[in-house]
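As stored in model.cif (mmCIF, C-alpha atoms):
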```cif
data_query
#
loop_
_atom_site.label_atom_id
_atom_site.label_comp_id
_atom_site.auth_asym_id
_atom_site.auth_seq_id
_atom_site.Cartn_x
_atom_site.Cartn_y
_atom_site.Cartn_z
CA MET A 1 65.03 88.05 101.86
CA PRO A 2 66.39 85.67 104.54
CA ALA A 3 69.94 85.94 103.12
CA LEU A 4 69.67 89.72 103.25
CA ALA A 5 68.44 89.60 106.84
CA ARG A 6 71.29 87.29 107.84
CA SER A 7 74.00 89.44 106.28
CA LYS A 8 72.61 92.69 107.69
CA ARG A 9 73.74 94.29 104.46
CA ARG A 10 72.10 97.57 103.61
CA PRO A 11 71.77 97.96 99.83
CA ALA A 12 70.59 101.55 100.25
CA LEU A 13 74.07 102.48 101.48
CA ASP A 14 75.54 101.05 98.27
CA GLY A 15 73.13 103.26 96.34
CA ILE A 16 74.16 106.33 98.31
CA ARG A 17 77.83 105.53 97.70
CA ALA A 18 77.19 105.05 93.99
CA LEU A 19 75.43 108.40 93.75
CA SER A 20 78.29 110.01 95.64
CA VAL A 21 80.86 108.56 93.24
CA VAL A 22 78.89 109.84 90.26
CA ALA A 23 78.56 113.29 91.85
CA VAL A 24 82.33 113.49 92.46
CA MET A 25 83.07 112.37 88.88
CA ILE A 26 80.67 114.94 87.45
CA TYR A 27 82.13 117.61 89.72
CA HIS A 28 85.64 116.84 88.47
CA ALA A 29 84.47 116.85 84.85
CA ASN A 30 82.79 120.24 85.23
CA PRO A 31 82.22 121.86 88.66
CA GLU A 32 79.45 124.02 87.24
CA TRP A 33 77.27 120.96 86.60
CA ILE A 34 77.20 119.97 90.29
CA PRO A 35 78.69 122.86 92.26
CA GLY A 36 78.49 120.97 95.56
CA GLY A 37 79.66 117.65 94.14
CA TYR A 38 82.76 117.67 96.32
CA LEU A 39 80.48 117.33 99.34
CA SER A 40 79.98 113.70 98.33
CA VAL A 41 83.34 112.96 99.94
CA ASN A 42 81.71 113.87 103.25
CA VAL A 43 79.02 111.30 102.54
CA PHE A 44 81.76 108.66 102.35
CA PHE A 45 83.18 109.81 105.67
CA VAL A 46 79.79 109.70 107.36
CA LEU A 47 78.99 106.25 105.93
CA SER A 48 82.39 104.93 106.96
CA GLY A 49 81.97 106.28 110.46
CA TYR A 50 78.49 104.80 110.72
CA LEU A 51 79.53 101.39 109.40
CA ILE A 52 82.69 101.12 111.50
CA THR A 53 80.90 102.25 114.65
CA GLY A 54 78.19 99.68 114.05
CA LEU A 55 80.77 96.95 113.43
CA LEU A 56 82.67 97.81 116.62
CA LEU A 57 79.54 98.07 118.78
CA LYS A 58 78.27 94.76 117.41
CA GLU A 59 81.58 93.10 118.27
CA ALA A 60 81.56 94.62 121.75
CA SER A 61 77.98 93.46 122.28
CA ARG A 62 78.74 89.94 121.14
CA TRP A 63 82.12 89.42 122.85
CA GLY A 64 82.14 92.03 125.62
CA SER A 65 85.07 93.96 124.13
CA ILE A 66 86.73 95.03 120.90
CA ASP A 67 89.70 93.09 119.56
CA LEU A 68 91.79 96.00 118.30
CA VAL A 69 94.54 93.79 116.86
CA SER A 70 92.01 91.85 114.79
CA PHE A 71 90.29 95.08 113.73
CA TYR A 72 93.57 96.61 112.50
CA LYS A 73 94.62 93.38 110.76
CA ASN A 74 91.30 93.29 108.90
CA ARG A 75 91.66 96.93 107.80
CA ALA A 76 95.23 96.28 106.63
CA ARG A 77 94.23 93.15 104.73
CA ARG A 78 91.42 95.04 103.02
CA LEU A 79 93.35 98.12 102.00
CA LEU A 80 97.13 97.72 101.92
CA ALA A 81 97.53 95.53 98.81
CA ALA A 82 95.49 97.93 96.68
CA LEU A 83 97.32 100.92 98.18
CA PHE A 84 100.74 99.43 97.36
CA VAL A 85 99.68 98.78 93.76
CA VAL A 86 98.30 102.31 93.30
CA VAL A 87 101.39 103.97 94.78
CA ALA A 88 103.75 101.79 92.69
CA VAL A 89 101.87 102.41 89.43
CA VAL A 90 101.49 106.16 90.01
CA THR A 91 105.16 106.45 90.94
CA LEU A 92 106.36 104.49 87.90
CA ILE A 93 104.16 106.34 85.44
CA GLY A 94 104.64 109.70 87.18
CA ALA A 95 108.41 109.41 86.94
CA ARG A 96 108.05 109.20 83.16
CA ILE A 97 105.34 111.73 82.37
CA LEU A 98 105.32 114.42 85.06
CA THR A 99 107.05 117.76 84.78
CA GLU A 100 110.25 118.22 86.77
CA SER A 101 108.50 120.32 89.42
CA ALA A 102 105.83 117.63 89.93
CA LYS A 103 108.47 114.88 90.03
CA ALA A 104 110.28 116.71 92.83
CA ASN A 105 107.45 115.94 95.27
CA LEU A 106 106.51 112.52 93.92
CA ARG A 107 108.57 110.49 96.41
CA GLY A 108 107.43 112.45 99.48
CA ASP A 109 103.81 112.43 98.36
CA GLY A 110 103.99 108.68 97.72
CA LEU A 111 105.50 108.01 101.14
CA ALA A 112 102.89 110.23 102.80
CA THR A 113 100.23 108.23 100.97
CA LEU A 114 101.70 104.90 102.12
CA PHE A 115 101.72 106.03 105.73
CA TYR A 116 98.24 107.61 105.53
CA VAL A 117 99.44 111.14 106.28
CA ALA A 118 98.96 112.69 102.83
CA ASN A 119 96.43 115.16 104.23
CA TRP A 120 98.98 116.48 106.74
CA ARG A 121 101.72 116.66 104.11
CA PHE A 122 99.53 118.75 101.81
CA ILE A 123 98.40 120.96 104.69
CA LEU A 124 101.99 121.57 105.85
CA GLU A 125 103.06 122.38 102.30
CA GLY A 126 100.18 124.81 101.93
CA GLU A 127 98.72 122.89 99.00
CA SER A 128 95.01 123.56 98.80
CA TYR A 129 92.95 120.83 97.18
CA PHE A 130 90.48 123.30 95.71
CA ALA A 131 92.74 126.22 94.78
CA SER A 132 95.73 124.43 93.38
CA THR A 133 97.91 126.08 90.81
CA GLY A 134 100.88 124.68 88.99
CA ASP A 135 101.45 120.95 88.87
CA PRO A 136 99.23 119.15 91.37
CA SER A 137 100.49 115.91 92.88
CA PRO A 138 99.16 112.72 91.32
CA PHE A 139 98.60 111.64 94.93
CA ARG A 140 96.49 114.70 95.63
CA HIS A 141 93.24 112.77 96.11
CA MET A 142 94.82 110.54 98.75
CA TRP A 143 94.05 113.07 101.48
CA THR A 144 90.61 111.46 101.77
CA LEU A 145 92.06 108.00 102.29
CA ALA A 146 94.47 109.40 104.89
CA ILE A 147 91.63 110.96 106.85
CA GLU A 148 89.60 107.77 106.73
CA GLU A 149 92.54 105.65 107.87
CA GLN A 150 93.37 108.08 110.68
CA PHE A 151 89.76 107.69 111.79
CA TYR A 152 90.13 103.88 111.69
CA LEU A 153 93.30 104.16 113.76
CA VAL A 154 92.03 106.54 116.46
CA PHE A 155 88.29 105.96 116.72
CA PRO A 156 88.29 102.31 117.90
CA ILE A 157 90.64 103.26 120.74
CA LEU A 158 88.39 106.18 121.72
CA LEU A 159 85.30 104.00 121.52
CA LEU A 160 86.91 101.29 123.64
CA GLY A 161 87.84 103.96 126.20
CA LEU A 162 84.29 105.31 126.19
CA MET A 163 82.87 101.82 126.59
CA THR A 164 85.13 101.22 129.57
CA MET A 165 84.25 104.55 131.20
CA ALA A 166 80.53 104.02 130.54
CA ASN A 167 80.55 100.42 131.79
CA GLY A 168 79.06 99.35 128.46
CA ARG A 169 75.90 101.45 128.80
CA ARG A 170 74.91 102.52 125.29
CA GLN A 171 73.32 105.81 126.34
CA ARG A 172 76.53 106.88 128.09
CA ILE A 173 78.59 105.77 125.10
CA ALA A 174 76.34 107.83 122.80
CA GLN A 175 76.69 110.85 125.09
CA GLY A 176 80.46 110.45 125.06
CA LEU A 177 80.46 110.28 121.26
CA VAL A 178 78.39 113.47 121.07
CA VAL A 179 80.87 115.21 123.37
CA LEU A 180 83.76 114.06 121.15
CA ILE A 181 81.96 115.29 118.03
CA VAL A 182 81.33 118.70 119.61
CA LEU A 183 84.95 118.96 120.78
CA SER A 184 86.17 118.05 117.30
CA ALA A 185 83.96 120.73 115.75
CA ILE A 186 85.23 123.33 118.22
CA VAL A 187 88.87 122.43 117.54
CA GLN A 188 88.34 122.62 113.79
CA ALA A 189 86.47 125.94 114.01
#
```
Using structure tokens, write down the structure that the file contains.
Amino acid sequence: MPALARSKRRPALDGIRALSVVAVMIYHANPEWIPGGYLSVNVFFVLSGYLITGLLLKEASRWGSIDLVSFYKNRARRLLAALFVVVAVVTLIGARILTESAKANLRGDGLATLFYVANWRFILEGESYFASTGDPSPFRHMWTLAIEEQFYLVFPILLLGLMTMANGRRQRIAQGLVVLIVLSAIVQA
């Protein structure tokens, strides 16, 4: 137990993530088995937001500020190598096995994936994730990674701004976060 207390790791979150992965897999195998299985993606977003916010607040509490450069370097180190491999493999295999119409978008979809803007590319092209017809992009699922990375890019800056405006008072920071959440919901509605 002492090692667990030192690491502040929360095994229950791993369990929730595992259940979410299984729900998404079952949903993709047969949507009738778990009609709301796609909602598990939202669980990942909420967990990511929770974990990143906790990490940033802990750093601010310990050091008095957030080192954005270090934060972004750590995110890049964690994610970019795997992303490059996935994009390279999908592009190489896709160029050989996809239909001509699917190949036509492969380069643009791959670049959008590399720059974490796949969600915007698919939105601008009118490609719906849930109502796709024809040949879907092999990078189609990367919209979730794009959203998560956009959050990682923008949120720490917003949080640092809130912390500065609130003079580090947690209640004011929390109120500011609630205001941002409400504004986001209004914009999306």
- From the set A:Leu19, A:Val69, A:Leu111, A:Val154, which residue has the shortest atom-to-atom contact distance to Phe84 in chain A, counting only C-alpha atoms?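 Going through A:Leu19, A:Val69, A:Leu111, A:Val154 one by one, the smallest distance to Phe84 in chain A is for A:Leu111.
Residue membership of the PyMOL selection byres ((chain A and resi 38) around 12) in the shown file amounts to Ser20, Val21, Val22, Ala23, Val24, Met25, Ile26, Tyr27, His28, Ala29, Asn30, Pro31, Glu32, Trp33, Ile34, Pro35, Gly36, Gly37, Leu39, Ser40, Val41, Asn42, Val43, Phe44, Tyr129, Phe130, His141 and Thr144 of chain A.
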- Message: I'd like the residues picked by the PyMOL selection byres ((chain A and resi 86-96) around 12) written out as a VMD selection string, using the chain letters and numbers from the file.
- Response: chain A and resid 79 to 85 97 to 116 135 to 142
- Item | Top pick for closest residue to Glu59 in chain A, considering A:Ala12, A:Met165, A:Ile147, A:Leu159 and counting all atoms listed in the file |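 Residue with the minimum atom-to-atom distance to Glu59 in chain A: A:Leu159.
CA of Asp67 in chain A sits 18.5 Å away from CA of Tyr50 in chain A.
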- So how far away is CA of Ala146 in chain A from CA of Ala118 in chain A, in Å? 5.9 Å
- Report the distance between CA of Tyr72 in chain A and CA of Tyr152 in chain A in Å, rounded to one decimal place. 8.1 Å
